[in-house]
>>> print(open('query30.cif').read())   # mmCIF, C-alpha atoms and all ligand atoms
data_upload
#
loop_
_atom_site.label_atom_id
_atom_site.label_comp_id
_atom_site.auth_asym_id
_atom_site.auth_seq_id
_atom_site.Cartn_x
_atom_site.Cartn_y
_atom_site.Cartn_z
CA ASP A 51 -26.25 9.87 -53.38
CA ALA A 52 -25.63 9.62 -57.12
CA ALA A 53 -22.19 8.13 -56.47
CA VAL A 54 -23.24 5.36 -54.09
CA ILE A 55 -27.02 4.71 -54.11
CA TRP A 56 -29.33 2.69 -56.33
CA HIS A 57 -32.94 3.66 -55.59
CA PRO A 58 -35.96 1.33 -55.76
CA PHE A 59 -38.38 1.39 -58.71
CA THR A 60 -36.27 4.15 -60.27
CA PRO A 61 -34.91 4.21 -63.82
CA GLN A 62 -31.21 4.86 -63.44
CA LYS A 63 -30.64 6.68 -66.73
CA ASN A 64 -31.66 10.36 -66.84
CA ARG A 65 -32.65 10.08 -63.23
CA ILE A 66 -34.15 13.02 -61.43
CA ALA A 67 -31.94 13.73 -58.43
CA PRO A 68 -33.76 12.57 -55.30
CA ILE A 69 -34.67 15.24 -52.78
CA PRO A 70 -32.71 15.06 -49.52
CA ILE A 71 -35.19 14.91 -46.66
CA THR A 72 -33.88 16.06 -43.31
CA LYS A 73 -36.96 15.93 -41.13
CA GLY A 74 -40.53 14.73 -40.91
CA LYS A 75 -43.27 16.07 -38.69
CA GLY A 76 -46.95 15.14 -38.92
CA THR A 77 -47.89 15.04 -42.59
CA LEU A 78 -44.92 17.20 -43.55
CA LEU A 79 -41.58 16.23 -45.04
CA TYR A 80 -38.84 18.89 -44.82
CA ASP A 81 -36.07 19.01 -47.42
CA ALA A 82 -32.52 20.26 -46.96
CA ASP A 83 -33.46 23.68 -48.38
CA GLY A 84 -36.26 24.11 -45.88
CA ASN A 85 -39.12 23.39 -48.31
CA THR A 86 -42.01 21.34 -46.95
CA TYR A 87 -44.15 18.74 -48.71
CA ILE A 88 -47.45 17.30 -47.57
CA ASP A 89 -46.97 13.54 -47.77
CA ALA A 90 -50.27 12.72 -49.50
CA ILE A 91 -49.35 9.06 -50.08
CA SER A 92 -48.11 8.24 -46.59
CA SER A 93 -44.58 7.54 -47.85
CA TRP A 94 -45.53 4.52 -49.96
CA TRP A 95 -48.63 3.75 -47.90
CA VAL A 96 -47.01 3.18 -44.53
CA THR A 97 -47.39 6.30 -42.39
CA LEU A 98 -50.57 6.32 -40.28
CA HIS A 99 -50.15 8.93 -37.55
CA GLY A 100 -47.68 11.27 -39.21
CA HIS A 101 -43.90 11.34 -39.35
CA ALA A 102 -41.66 11.24 -36.29
CA HIS A 103 -44.60 10.84 -33.93
CA PRO A 104 -43.38 11.73 -30.42
CA TYR A 105 -45.40 8.99 -28.69
CA ILE A 106 -43.95 6.25 -30.92
CA ALA A 107 -40.47 7.83 -30.71
CA GLU A 108 -40.57 7.83 -26.91
CA LYS A 109 -41.67 4.18 -26.75
CA LEU A 110 -38.91 3.24 -29.19
CA TYR A 111 -36.30 5.07 -27.16
CA GLN A 112 -37.33 3.29 -23.96
CA GLN A 113 -37.35 -0.09 -25.69
CA ALA A 114 -33.95 0.54 -27.32
CA LEU A 115 -32.45 1.02 -23.86
CA GLN A 116 -34.10 -2.20 -22.66
CA LEU A 117 -33.74 -4.75 -25.49
CA GLU A 118 -33.06 -3.89 -29.13
CA GLN A 119 -32.96 -7.37 -30.67
CA VAL A 120 -32.80 -11.03 -29.70
CA ILE A 121 -32.89 -14.26 -31.69
CA PHE A 122 -36.54 -15.36 -31.81
CA ALA A 123 -35.96 -19.12 -31.99
CA GLY A 124 -35.53 -20.26 -28.42
CA PHE A 125 -36.19 -16.81 -26.94
CA THR A 126 -39.24 -14.61 -26.64
CA HIS A 127 -39.99 -11.12 -25.31
CA GLU A 128 -42.86 -9.04 -24.05
CA PRO A 129 -43.37 -6.71 -27.06
CA ALA A 130 -43.81 -9.70 -29.40
CA VAL A 131 -46.27 -11.46 -27.10
CA ARG A 132 -48.28 -8.34 -26.29
CA LEU A 133 -48.48 -7.36 -29.93
CA ALA A 134 -49.64 -10.86 -30.92
CA GLU A 135 -52.31 -10.78 -28.18
CA GLN A 136 -53.57 -7.37 -29.26
CA LEU A 137 -53.60 -8.24 -32.95
CA LEU A 138 -55.48 -11.50 -32.38
CA GLU A 139 -58.17 -9.47 -30.63
CA ILE A 140 -58.78 -7.13 -33.57
CA LEU A 141 -58.04 -9.31 -36.61
CA PRO A 142 -61.07 -10.06 -38.83
CA GLY A 143 -61.40 -13.79 -38.28
CA PRO A 144 -60.79 -16.66 -35.85
CA PHE A 145 -57.01 -16.39 -35.91
CA THR A 146 -54.97 -18.01 -33.14
CA LYS A 147 -51.29 -17.63 -34.06
CA ILE A 148 -49.05 -14.82 -35.28
CA PHE A 149 -45.93 -15.54 -37.34
CA TYR A 150 -43.54 -12.58 -37.53
CA SER A 151 -41.41 -11.51 -40.47
CA ASP A 152 -39.89 -8.33 -41.84
CA ASN A 153 -42.10 -6.69 -44.46
CA GLY A 154 -45.06 -7.13 -46.78
CA SER A 155 -43.30 -9.40 -49.26
CA THR A 156 -42.08 -11.73 -46.54
CA SER A 157 -45.54 -11.78 -44.96
CA THR A 158 -47.03 -13.10 -48.22
CA GLU A 159 -44.11 -15.48 -48.82
CA VAL A 160 -44.73 -16.91 -45.36
CA ALA A 161 -48.46 -17.21 -46.09
CA LEU A 162 -47.87 -19.11 -49.35
CA LYS A 163 -45.31 -21.47 -47.80
CA MET A 164 -47.53 -21.99 -44.76
CA ALA A 165 -50.48 -22.92 -47.00
CA ILE A 166 -48.52 -25.24 -49.29
CA GLN A 167 -46.82 -27.06 -46.43
CA PHE A 168 -50.17 -27.34 -44.65
CA TRP A 169 -51.19 -29.82 -47.37
CA TRP A 170 -47.75 -31.41 -47.62
CA ASN A 171 -47.77 -32.14 -43.89
CA GLN A 172 -51.00 -34.07 -44.42
CA GLN A 173 -49.77 -36.22 -47.30
CA GLN A 174 -51.65 -34.11 -49.85
CA GLN A 175 -48.62 -32.98 -51.83
CA HIS A 176 -50.75 -32.67 -54.96
CA ARG A 177 -52.42 -29.58 -53.48
CA LYS A 178 -49.74 -27.01 -54.20
CA LYS A 179 -51.12 -24.65 -56.83
CA ILE A 180 -52.11 -21.12 -55.96
CA ILE A 181 -55.05 -19.15 -57.30
CA ALA A 182 -54.54 -15.38 -57.46
CA LEU A 183 -56.18 -12.41 -59.12
CA LYS A 184 -55.03 -10.72 -62.28
CA ASN A 185 -53.73 -7.23 -61.61
CA ALA A 186 -52.63 -8.34 -58.13
CA TYR A 187 -49.52 -7.18 -56.30
CA HIS A 188 -48.20 -9.20 -53.38
CA GLY A 189 -44.56 -8.09 -53.24
CA ASP A 190 -41.22 -8.26 -55.01
CA THR A 191 -39.60 -11.50 -53.82
CA PHE A 192 -39.93 -14.57 -56.05
CA GLY A 193 -42.95 -16.23 -54.47
CA ALA A 194 -44.72 -12.90 -54.05
CA MET A 195 -43.89 -12.00 -57.66
CA SER A 196 -45.22 -15.36 -58.85
CA VAL A 197 -48.68 -14.69 -57.41
CA SER A 198 -48.64 -11.09 -58.65
CA ASP A 199 -49.81 -9.97 -62.06
CA ARG A 200 -47.41 -10.69 -64.88
CA SER A 201 -46.55 -7.09 -65.65
CA ILE A 202 -43.72 -4.88 -66.81
CA PHE A 203 -42.35 -5.08 -63.26
CA THR A 204 -41.83 -8.84 -63.50
CA LEU A 205 -41.05 -9.15 -67.23
CA ALA A 206 -37.41 -10.22 -66.84
CA PHE A 207 -38.39 -13.09 -64.57
CA HIS A 208 -41.50 -14.60 -66.19
CA ASP A 209 -39.83 -17.91 -67.07
CA LEU A 210 -38.66 -18.33 -63.50
CA LEU A 211 -41.95 -17.63 -61.72
CA PHE A 212 -44.05 -20.59 -60.62
CA GLU A 213 -47.27 -21.30 -62.42
CA VAL A 214 -50.37 -19.69 -60.94
CA ILE A 215 -54.06 -19.89 -61.84
CA PHE A 216 -55.17 -16.31 -62.36
CA LEU A 217 -58.79 -15.18 -62.07
CA ASP A 218 -59.96 -11.86 -63.45
CA THR A 219 -60.52 -9.09 -60.93
CA PRO A 220 -64.16 -9.85 -60.04
CA THR A 221 -66.94 -8.21 -62.07
CA PRO A 222 -70.57 -9.32 -62.40
CA GLU A 223 -69.68 -10.52 -65.93
CA ASN A 224 -66.78 -12.80 -65.03
CA ILE A 225 -67.77 -14.13 -61.60
CA THR A 226 -69.43 -17.32 -62.90
CA THR A 227 -66.37 -18.22 -64.98
CA SER A 228 -64.09 -17.62 -62.00
CA ILE A 229 -66.17 -19.82 -59.73
CA ALA A 230 -66.09 -22.54 -62.40
CA THR A 231 -62.29 -22.20 -62.60
CA ILE A 232 -62.03 -22.65 -58.83
CA GLN A 233 -64.21 -25.77 -59.03
CA GLN A 234 -62.28 -27.19 -61.95
CA HIS A 235 -58.84 -26.90 -60.32
CA ALA A 236 -59.69 -27.17 -56.62
CA ARG A 237 -58.21 -30.64 -56.07
CA GLU A 238 -54.71 -29.41 -56.93
CA VAL A 239 -54.98 -26.00 -55.30
CA ALA A 240 -53.52 -25.12 -51.90
CA ALA A 241 -54.69 -21.56 -51.51
CA PHE A 242 -56.38 -18.50 -52.93
CA ILE A 243 -54.58 -15.20 -52.28
CA TYR A 244 -56.29 -11.82 -52.77
CA GLU A 245 -56.07 -8.16 -51.84
CA PRO A 246 -59.56 -7.60 -50.41
CA LEU A 247 -61.57 -4.86 -52.17
CA VAL A 248 -58.59 -2.80 -53.38
CA GLN A 249 -55.75 -3.98 -55.61
CA GLY A 250 -53.11 -1.52 -54.49
CA ALA A 251 -50.03 -1.41 -56.69
CA GLY A 252 -52.15 -2.66 -59.60
CA GLY A 253 -53.58 0.86 -59.70
CA LEU A 254 -55.86 1.16 -56.66
CA LYS A 255 -58.42 -0.90 -58.55
CA MET A 256 -61.52 -1.40 -56.39
CA TYR A 257 -63.97 -4.28 -56.65
CA ASP A 258 -67.18 -5.36 -55.04
CA ALA A 259 -67.39 -7.10 -51.64
CA GLY A 260 -70.38 -9.22 -52.73
CA LEU A 261 -68.41 -10.65 -55.63
CA LEU A 262 -65.42 -11.43 -53.43
CA ASN A 263 -67.78 -13.14 -50.97
CA GLN A 264 -68.89 -15.39 -53.81
CA LEU A 265 -65.30 -16.28 -54.73
CA LEU A 266 -64.40 -16.94 -51.10
CA THR A 267 -67.49 -19.10 -50.58
CA ALA A 268 -66.55 -21.17 -53.63
CA ALA A 269 -62.94 -21.43 -52.47
CA LYS A 270 -63.93 -22.49 -48.96
CA SER A 271 -66.39 -25.08 -50.23
CA HIS A 272 -63.36 -26.84 -51.75
CA ASP A 273 -61.19 -26.32 -48.64
CA LEU A 274 -58.88 -23.80 -50.31
CA ILE A 275 -56.93 -21.77 -47.79
CA CYS A 276 -58.00 -18.18 -48.23
CA ILE A 277 -55.14 -15.70 -47.79
CA ALA A 278 -56.10 -12.04 -47.36
CA ASP A 279 -53.19 -9.78 -48.22
CA GLU A 280 -54.09 -6.70 -46.18
CA VAL A 281 -50.57 -5.28 -46.30
CA MET A 282 -51.97 -2.06 -47.78
CA THR A 283 -55.66 -2.20 -46.79
CA GLY A 284 -55.01 -2.85 -43.09
CA PHE A 285 -55.54 -0.31 -40.32
CA TYR A 286 -58.47 1.73 -41.64
CA ARG A 287 -57.24 2.63 -45.12
CA THR A 288 -60.59 1.37 -46.48
CA GLY A 289 -62.60 2.99 -43.67
CA LYS A 290 -62.91 -0.20 -41.60
CA ILE A 291 -60.04 -1.47 -39.52
CA PHE A 292 -59.49 -4.24 -42.09
CA ALA A 293 -61.00 -4.58 -45.55
CA SER A 294 -61.98 -8.15 -44.63
CA ALA A 295 -64.44 -6.61 -42.17
CA TYR A 296 -66.60 -5.72 -45.22
CA LEU A 297 -66.85 -9.43 -46.10
CA ASN A 298 -68.97 -12.29 -44.79
CA VAL A 299 -66.28 -14.89 -45.30
CA PRO A 300 -63.22 -14.52 -43.08
CA PRO A 301 -59.77 -15.48 -44.40
CA ASP A 302 -57.76 -18.42 -42.99
CA ILE A 303 -54.53 -16.46 -43.21
CA ILE A 304 -54.01 -12.71 -43.14
CA CYS A 305 -50.89 -10.71 -44.02
CA LEU A 306 -50.11 -7.30 -42.55
CA SER A 307 -47.20 -4.87 -42.83
CA LYS A 308 -46.96 -1.23 -44.03
CA GLY A 309 -49.17 0.55 -41.44
CA LEU A 310 -48.55 -2.14 -38.82
CA THR A 311 -45.89 -0.08 -37.04
CA GLY A 312 -47.65 3.17 -37.89
CA GLY A 313 -45.12 3.27 -40.72
CA THR A 314 -42.19 3.69 -38.36
CA MET A 315 -40.28 0.44 -38.81
CA ALA A 316 -40.24 -2.61 -41.05
CA LEU A 317 -42.35 -5.47 -39.71
CA GLY A 318 -44.65 -8.05 -41.22
CA ILE A 319 -47.03 -10.57 -39.72
CA THR A 320 -48.83 -13.59 -41.05
CA ALA A 321 -51.70 -14.75 -38.84
CA CYS A 322 -53.37 -18.13 -39.18
CA THR A 323 -56.21 -20.16 -37.70
CA SER A 324 -55.75 -23.15 -35.42
CA GLN A 325 -56.74 -25.44 -38.30
CA ILE A 326 -53.61 -24.40 -40.18
CA TYR A 327 -51.37 -24.30 -37.14
CA ASP A 328 -52.45 -27.76 -35.98
CA ALA A 329 -51.10 -29.32 -39.18
CA TYR A 330 -47.67 -28.29 -37.93
CA VAL A 331 -48.02 -29.75 -34.43
CA GLN A 332 -46.58 -33.17 -35.19
CA ASP A 333 -43.99 -35.60 -33.80
CA ASP A 334 -42.21 -35.73 -37.16
CA ALA A 335 -39.63 -32.91 -37.14
CA LEU A 336 -39.85 -32.74 -40.94
CA LYS A 337 -43.30 -31.19 -40.47
CA THR A 338 -41.70 -28.12 -38.90
CA PHE A 339 -42.19 -24.75 -40.61
CA PHE A 340 -38.54 -24.06 -41.45
CA HIS A 341 -38.82 -20.36 -42.07
CA GLY A 342 -37.47 -17.32 -40.27
CA HIS A 343 -35.54 -14.11 -40.71
CA SER A 344 -32.68 -12.69 -38.68
CA PHE A 345 -34.83 -9.86 -37.37
CA THR A 346 -38.01 -11.87 -36.83
CA ALA A 347 -40.15 -10.11 -34.18
CA ASN A 348 -37.57 -7.38 -33.63
CA PRO A 349 -38.46 -5.84 -30.25
CA LEU A 350 -38.19 -2.26 -31.54
CA ALA A 351 -40.50 -2.97 -34.46
CA CYS A 352 -43.00 -4.73 -32.17
CA THR A 353 -42.86 -1.78 -29.80
CA ALA A 354 -43.56 0.65 -32.62
CA ALA A 355 -46.55 -1.49 -33.63
CA LEU A 356 -47.89 -1.52 -30.06
CA ALA A 357 -47.52 2.26 -29.88
CA SER A 358 -49.33 2.62 -33.20
CA LEU A 359 -52.20 0.45 -31.94
CA ASP A 360 -52.43 2.70 -28.84
CA LEU A 361 -52.79 5.72 -31.11
CA LEU A 362 -55.35 3.99 -33.34
CA GLN A 363 -57.49 3.14 -30.35
CA GLN A 364 -57.76 6.77 -29.38
CA TYR A 365 -61.13 8.17 -30.26
CA HIS A 366 -59.84 11.10 -32.26
CA THR A 367 -57.88 8.90 -34.67
CA VAL A 368 -61.00 6.99 -35.68
CA LYS A 369 -62.88 10.28 -35.82
CA SER A 370 -60.31 11.86 -38.13
CA ILE A 371 -60.42 8.79 -40.38
CA GLU A 372 -64.15 9.44 -40.79
CA THR A 373 -63.58 13.12 -41.40
CA ILE A 374 -60.94 12.43 -44.05
CA GLY A 375 -63.28 9.91 -45.68
CA ALA A 376 -66.11 12.46 -45.84
CA ALA A 377 -63.86 15.18 -47.27
CA ILE A 378 -62.56 12.79 -49.91
CA GLN A 379 -66.14 11.81 -50.86
CA ASN A 380 -66.97 15.47 -51.41
CA PHE A 381 -63.85 16.03 -53.42
CA ALA A 382 -64.74 13.03 -55.61
CA LEU A 383 -68.11 14.65 -56.36
CA GLU A 384 -66.37 17.88 -57.20
CA LEU A 385 -63.90 16.09 -59.50
CA ALA A 386 -66.78 14.48 -61.36
CA GLN A 387 -68.05 17.95 -62.29
CA LEU A 388 -64.73 19.15 -63.71
CA LYS A 389 -64.24 19.38 -67.47
CA VAL A 390 -60.97 17.45 -67.42
CA PRO A 391 -60.01 14.11 -69.01
CA ILE A 392 -60.34 11.78 -66.02
CA LYS A 393 -62.33 8.59 -65.47
CA ASN A 394 -63.18 5.89 -62.91
CA ILE A 395 -63.27 8.21 -59.90
CA ARG A 396 -63.50 5.89 -56.92
CA VAL A 397 -63.41 6.23 -53.15
CA LEU A 398 -63.18 3.77 -50.29
CA GLY A 399 -62.47 4.95 -46.76
CA THR A 400 -59.49 7.29 -46.93
CA LEU A 401 -58.56 6.20 -50.45
CA LEU A 402 -59.30 8.18 -53.60
CA ALA A 403 -58.18 7.18 -57.09
CA PHE A 404 -58.94 8.01 -60.72
CA GLU A 405 -57.28 7.76 -64.11
CA ILE A 406 -56.00 10.64 -66.19
CA THR A 407 -57.07 9.66 -69.70
CA SER A 408 -54.89 11.91 -71.78
CA GLY A 409 -51.80 10.31 -73.29
CA LYS A 410 -50.90 6.63 -73.38
CA ASP A 411 -52.60 4.36 -70.81
CA GLU A 412 -49.33 2.95 -69.66
CA TYR A 413 -47.20 2.97 -66.58
CA LEU A 414 -44.19 4.25 -68.45
CA ASN A 415 -45.85 7.37 -69.88
CA ASP A 416 -44.83 10.71 -68.46
CA ILE A 417 -47.98 11.51 -66.47
CA SER A 418 -46.58 10.22 -63.20
CA ARG A 419 -43.34 12.14 -63.52
CA PHE A 420 -45.12 15.33 -64.52
CA VAL A 421 -47.65 15.12 -61.69
CA THR A 422 -44.98 14.38 -59.09
CA GLN A 423 -42.74 17.25 -60.20
CA THR A 424 -45.57 19.77 -60.47
CA ALA A 425 -47.08 18.81 -57.12
CA LEU A 426 -43.70 19.04 -55.38
CA GLN A 427 -43.33 22.61 -56.63
CA GLN A 428 -46.65 23.32 -54.94
CA GLY A 429 -45.71 21.66 -51.66
CA VAL A 430 -47.48 18.29 -52.02
CA TYR A 431 -46.02 14.84 -52.58
CA LEU A 432 -48.03 12.71 -55.04
CA ARG A 433 -46.76 9.69 -56.96
CA PRO A 434 -49.30 8.38 -59.47
CA LEU A 435 -49.14 4.74 -60.54
CA GLY A 436 -48.78 5.34 -64.27
CA ASN A 437 -51.85 7.40 -65.17
CA THR A 438 -53.66 6.43 -61.96
CA MET A 439 -53.75 9.41 -59.64
CA TYR A 440 -54.50 8.61 -56.01
CA ILE A 441 -54.17 9.88 -52.48
CA MET A 442 -53.64 7.90 -49.28
CA PRO A 443 -53.00 10.47 -46.56
CA PRO A 444 -51.76 9.90 -43.00
CA TYR A 445 -54.65 10.15 -40.52
CA CYS A 446 -53.21 13.25 -38.83
CA ILE A 447 -53.76 15.35 -41.96
CA SER A 448 -55.63 18.57 -41.17
CA ASN A 449 -58.58 19.92 -43.15
CA GLU A 450 -56.40 22.74 -44.35
CA GLU A 451 -53.70 20.36 -45.58
CA LEU A 452 -56.27 18.12 -47.23
CA ASN A 453 -57.77 21.12 -49.05
CA CYS A 454 -54.29 22.08 -50.16
CA VAL A 455 -53.81 18.58 -51.62
CA PHE A 456 -57.19 18.88 -53.39
CA SER A 457 -56.38 22.24 -54.95
CA VAL A 458 -52.96 21.07 -56.12
CA ILE A 459 -54.67 18.12 -57.83
CA LYS A 460 -57.18 20.47 -59.47
CA ASN A 461 -54.34 22.75 -60.63
CA ILE A 462 -52.52 19.83 -62.17
CA LEU A 463 -55.64 18.54 -63.91
CA GLN A 464 -56.06 21.89 -65.63
CA HIS A 465 -52.88 21.06 -67.52
CA TYR A 466 -54.76 18.19 -69.19
CA GLU A 467 -57.89 20.21 -70.06
C1 LIG B 1 -46.70 -3.15 -50.57
C2 LIG B 1 -47.42 -4.43 -50.65
C3 LIG B 1 -46.75 -5.65 -50.48
C4 LIG B 1 -45.26 -5.74 -50.31
O1 LIG B 1 -44.83 -5.14 -49.14
P1 LIG B 1 -43.31 -4.68 -48.99
O2 LIG B 1 -43.18 -4.31 -47.55
O3 LIG B 1 -43.12 -3.53 -49.91
O4 LIG B 1 -42.46 -5.85 -49.36
C5 LIG B 1 -47.50 -6.82 -50.51
N1 LIG B 1 -48.84 -6.78 -50.68
C6 LIG B 1 -49.50 -5.63 -50.83
C7 LIG B 1 -50.99 -5.66 -50.98
C8 LIG B 1 -48.83 -4.41 -50.83
O5 LIG B 1 -49.50 -3.27 -51.02
#
>>> encode(input="query30.cif", output="structure tokens", more="lines below")
Ligand SMILES: *Cc1c(COP(=O)(O)O)cnc(C)c1O
Amino acid sequence: DAAVIWHPFTPQKNRIAPIPITKGKGTLLYDADGNTYIDAISSWWVTLHGHAHPYIAEKLYQQALQLEQVIFAGFTHEPAVRLAEQLLEILPGPFTKIFYSDNGSTSTEVALKMAIQFWWNQQQQHRKKIIALKNAYHGDTFGAMSVSDRSIFTLAFHDLLFEVIFLDTPTPENITTSIATIQQHAREVAAFIYEPLVQGAGGLKMYDAGLLNQLLTAAKSHDLICIADEVMTGFYRTGKIFASAYLNVPPDIICLSKGLTGGTMALGITACTSQIYDAYVQDDALKTFFHGHSFTANPLACTAALASLDLLQQYHTVKSIETIGAAIQNFALELAQLKVPIKNIRVLGTLLAFEITSGKDEYLNDISRFVTQTALQQGVYLRPLGNTMYIMPPYCISNEELNCVFSVIKNILQHYE
């Protein structure tokens, strides 16, 4: 590995040797020495039903024997159509079309391009600015980076990112100013992109649905295209199937990835309403949406997504999501009683997050490294975002495993007492 691999989001000097993983089963990851780790963050927020799920594996095997890949311009296939049909039924809004891509970043890139060209196709080229939220994360490609918070992650590229109007993450104090900003710039704005209720990579920062409703209402009143980035929040992470289900105002475009395939394969989708799609149904070929990726709507990825939806629709999956949510609520109450330096304990659905307040409040401090190493020694995989500790377990996690995660967290917090 050290000779040939460059790992993501990993400082290359003084690197900690990565652990070779040979097997996954349920919530457990097995390393080459036979140690097991409870994957308490769903392998970067993707795994829903556990690792190497036999139902998904079987469906994939059958599909691989049938059709593994085909160009998606000029051809179509059943897994793509069935998945689109099923998604359109459950998505939180009046969506009519699914555009496939490869991952979360491409799903937001597609959304931004779709929204900007929507106006361009109607001779309103002046509407091309994007409004986004401070502290947002929408991916690592250039467009996605542009609408993400200007942070240490994007520092080397700031001059090259396109200009974006940033609103503060909504609070009762800043909401009036943000609405005024929307009003002031609306005529030149194409779209408003947001992570509904939880800003994921920005530190699992949670904000109020009522406030987001107000922003969305303001945005809609000026015809801004509202883009919900549910790449992380999708598929019950927040307790409801989509975070947008907590809101009164549905988005015009929604982006999904991560849990879409149950975390088995890379796949992204961008869904839109007929209003957006219709702007592309024109005689002029220049009005075409010229975007696509080699593996667009890969049949294996679509099959994995269909299998994951099957599993989600089973009663016990939804039941265990509720059970996990309740256990996490209780643990949050317990944490609040501890005499340890933590703050902002917050819970939504199956998500729990809080900040460890000792040391520097920065991503590059050593809290994350220390927590990860200590937890691994105790059989749990955690990966704090800077000093933000969080858990995002797969839905197959047992009570026993969840309690193990909780006690490892409590053990670690004692270090900061
Ligand atoms: C992870 C994430 C992305 C980017 O997805 P990738 O598949 O990692 O490119 C975009 N938006 C949100 C909200 C995410 O959490």
>>> residues_near_ligand(input="query30.cif", ligand="ligand LIG 1 (chain B)", cutoff="7 Å", atoms="all atoms listed in the file", output="short mmCIF file (atom, residue, chain, number, x, y, z; two decimals) with C-alpha atoms, keeping the file's coordinate frame")
data_model
loop_
_atom_site.label_atom_id
_atom_site.label_comp_id
_atom_site.auth_asym_id
_atom_site.auth_seq_id
_atom_site.Cartn_x
_atom_site.Cartn_y
_atom_site.Cartn_z
CA ASN A 153 -42.10 -6.69 -44.46
CA GLY A 154 -45.06 -7.13 -46.78
CA SER A 155 -43.30 -9.40 -49.26
CA THR A 156 -42.08 -11.73 -46.54
CA THR A 158 -47.03 -13.10 -48.22
CA TYR A 187 -49.52 -7.18 -56.30
CA HIS A 188 -48.20 -9.20 -53.38
CA GLY A 189 -44.56 -8.09 -53.24
CA ASP A 190 -41.22 -8.26 -55.01
CA GLU A 245 -56.07 -8.16 -51.84
CA GLN A 249 -55.75 -3.98 -55.61
CA GLY A 250 -53.11 -1.52 -54.49
CA ALA A 251 -50.03 -1.41 -56.69
CA ASP A 279 -53.19 -9.78 -48.22
CA GLU A 280 -54.09 -6.70 -46.18
CA VAL A 281 -50.57 -5.28 -46.30
CA MET A 282 -51.97 -2.06 -47.78
CA SER A 307 -47.20 -4.87 -42.83
CA LYS A 308 -46.96 -1.23 -44.03
#
>>> atom_distance(input="query30.cif", atom1="CA of Ala278 in chain A", atom2="CA of Ile121 in chain A")
28.1 Å
>>> closest_atom_pairs(input="query30.cif", of="range 131-197 of chain A", to="range 232-239 of chain A", cutoff="7 Å", atoms="only C-alpha atoms", output="Markdown table")
| residue | atom | partner | partner_atom | distance |
| --- | --- | --- | --- | --- |
| A:His176 | CA | A:Glu238 | CA | 5.5 |
| A:Arg177 | CA | A:Glu238 | CA | 4.1 |
| A:Lys178 | CA | A:Val239 | CA | 5.4 |
| A:Lys179 | CA | A:Val239 | CA | 4.4 |
| A:Ile180 | CA | A:Val239 | CA | 5.7 |
>>> residues_around(input="query30.cif", residues="Leu385 in chain A", least_positions_apart="5", cutoff="12 Å", atoms="all atoms listed in the file", output="PyMOL selection string")
chain A and resi 378-380+390-397+402-406+456-457+459-461+463-464
>>> residues_around(input="query30.cif", residues="Trp56 in chain A", least_positions_apart="4", cutoff="12 Å", atoms="only C-alpha atoms", output="ChimeraX atom specification")
/A:51-52,60-63,65,67-68
>>> atom_distance(input="query30.cif", atom1="CA of Met439 in chain A", atom2="CA of Leu398 in chain A")
14.4 Å
>>> residues_around(input="query30.cif", residues="Tyr105 in chain A", least_positions_apart="2", cutoff="9 Å", atoms="only C-alpha atoms", output="ChimeraX atom specification")
/A:102-103,107-110,357-358,361
>>> axis_aligned_box(input="query30.cif", around="range 434-447 of chain A", padding_each_side="3 Å", output="lines of an AutoDock Vina configuration file")
center_x = -51.7
center_y = 10.0
center_z = -52.0
size_x = 11.9
size_y = 16.6
size_z = 32.3
>>> atom_distance(input="query30.cif", atom1="CA of Leu317 in chain A", atom2="CA of Asp152 in chain A")
4.3 Å
>>> residues_around(input="query30.cif", residues="Tyr111 in chain A", least_positions_apart="3", cutoff="12 Å", atoms="only C-alpha atoms", output="VMD selection string")
chain A and resid 104 to 108 114 to 118 349 to 351 353 to 354 357
>>> closest_residue(input="query30.cif", among="A:His465, A:Arg419, A:Lys290, A:Arg200", to="Val368 in chain A", atoms="only C-alpha atoms")
A:Lys290
>>> residues_near_point(input="query30.cif", point="(-53.0, -17.6, -53.9)", cutoff="6 Å", atoms="all atoms listed in the file", output="JSON, numbers by chain")
{"A": [180, 181, 182, 241, 242, 243]}
>>> residues_around(input="query30.cif", residues="range 328-335 of chain A", least_positions_apart="5", cutoff="9 Å", atoms="all atoms listed in the file", output="VMD selection string")
chain A and resid 167 to 169 171 to 172 323
>>> decode(input="query30.cif", residues="range 69-74 of chain A", atoms="N, CA and C atoms", output="mmCIF file, in the first residue's frame")
data_model
loop_
_atom_site.group_PDB
_atom_site.id
_atom_site.type_symbol
_atom_site.label_atom_id
_atom_site.label_comp_id
_atom_site.auth_asym_id
_atom_site.auth_seq_id
_atom_site.Cartn_x
_atom_site.Cartn_y
_atom_site.Cartn_z
ATOM 1 N N ILE A 69 -5.316 0.157 7.802
ATOM 2 C CA ILE A 69 -5.544 -1.223 8.232
ATOM 3 C C ILE A 69 -6.089 -2.036 7.055
ATOM 4 N N PRO A 70 -5.442 -3.146 6.724
ATOM 5 C CA PRO A 70 -5.987 -3.976 5.637
ATOM 6 C C PRO A 70 -7.274 -4.669 6.091
ATOM 7 N N ILE A 71 -8.341 -4.426 5.362
ATOM 8 C CA ILE A 71 -9.624 -5.054 5.679
ATOM 9 C C ILE A 71 -9.851 -6.197 4.692
ATOM 10 N N THR A 72 -10.167 -7.350 5.229
ATOM 11 C CA THR A 72 -10.299 -8.522 4.363
ATOM 12 C C THR A 72 -11.747 -8.962 4.197
ATOM 13 N N LYS A 73 -12.614 -8.453 5.069
ATOM 14 C CA LYS A 73 -13.985 -8.962 5.034
ATOM 15 C C LYS A 73 -14.908 -7.991 5.769
ATOM 16 N N GLY A 74 -16.160 -7.950 5.321
ATOM 17 C CA GLY A 74 -17.164 -7.196 6.045
ATOM 18 C C GLY A 74 -18.387 -8.063 6.212
#
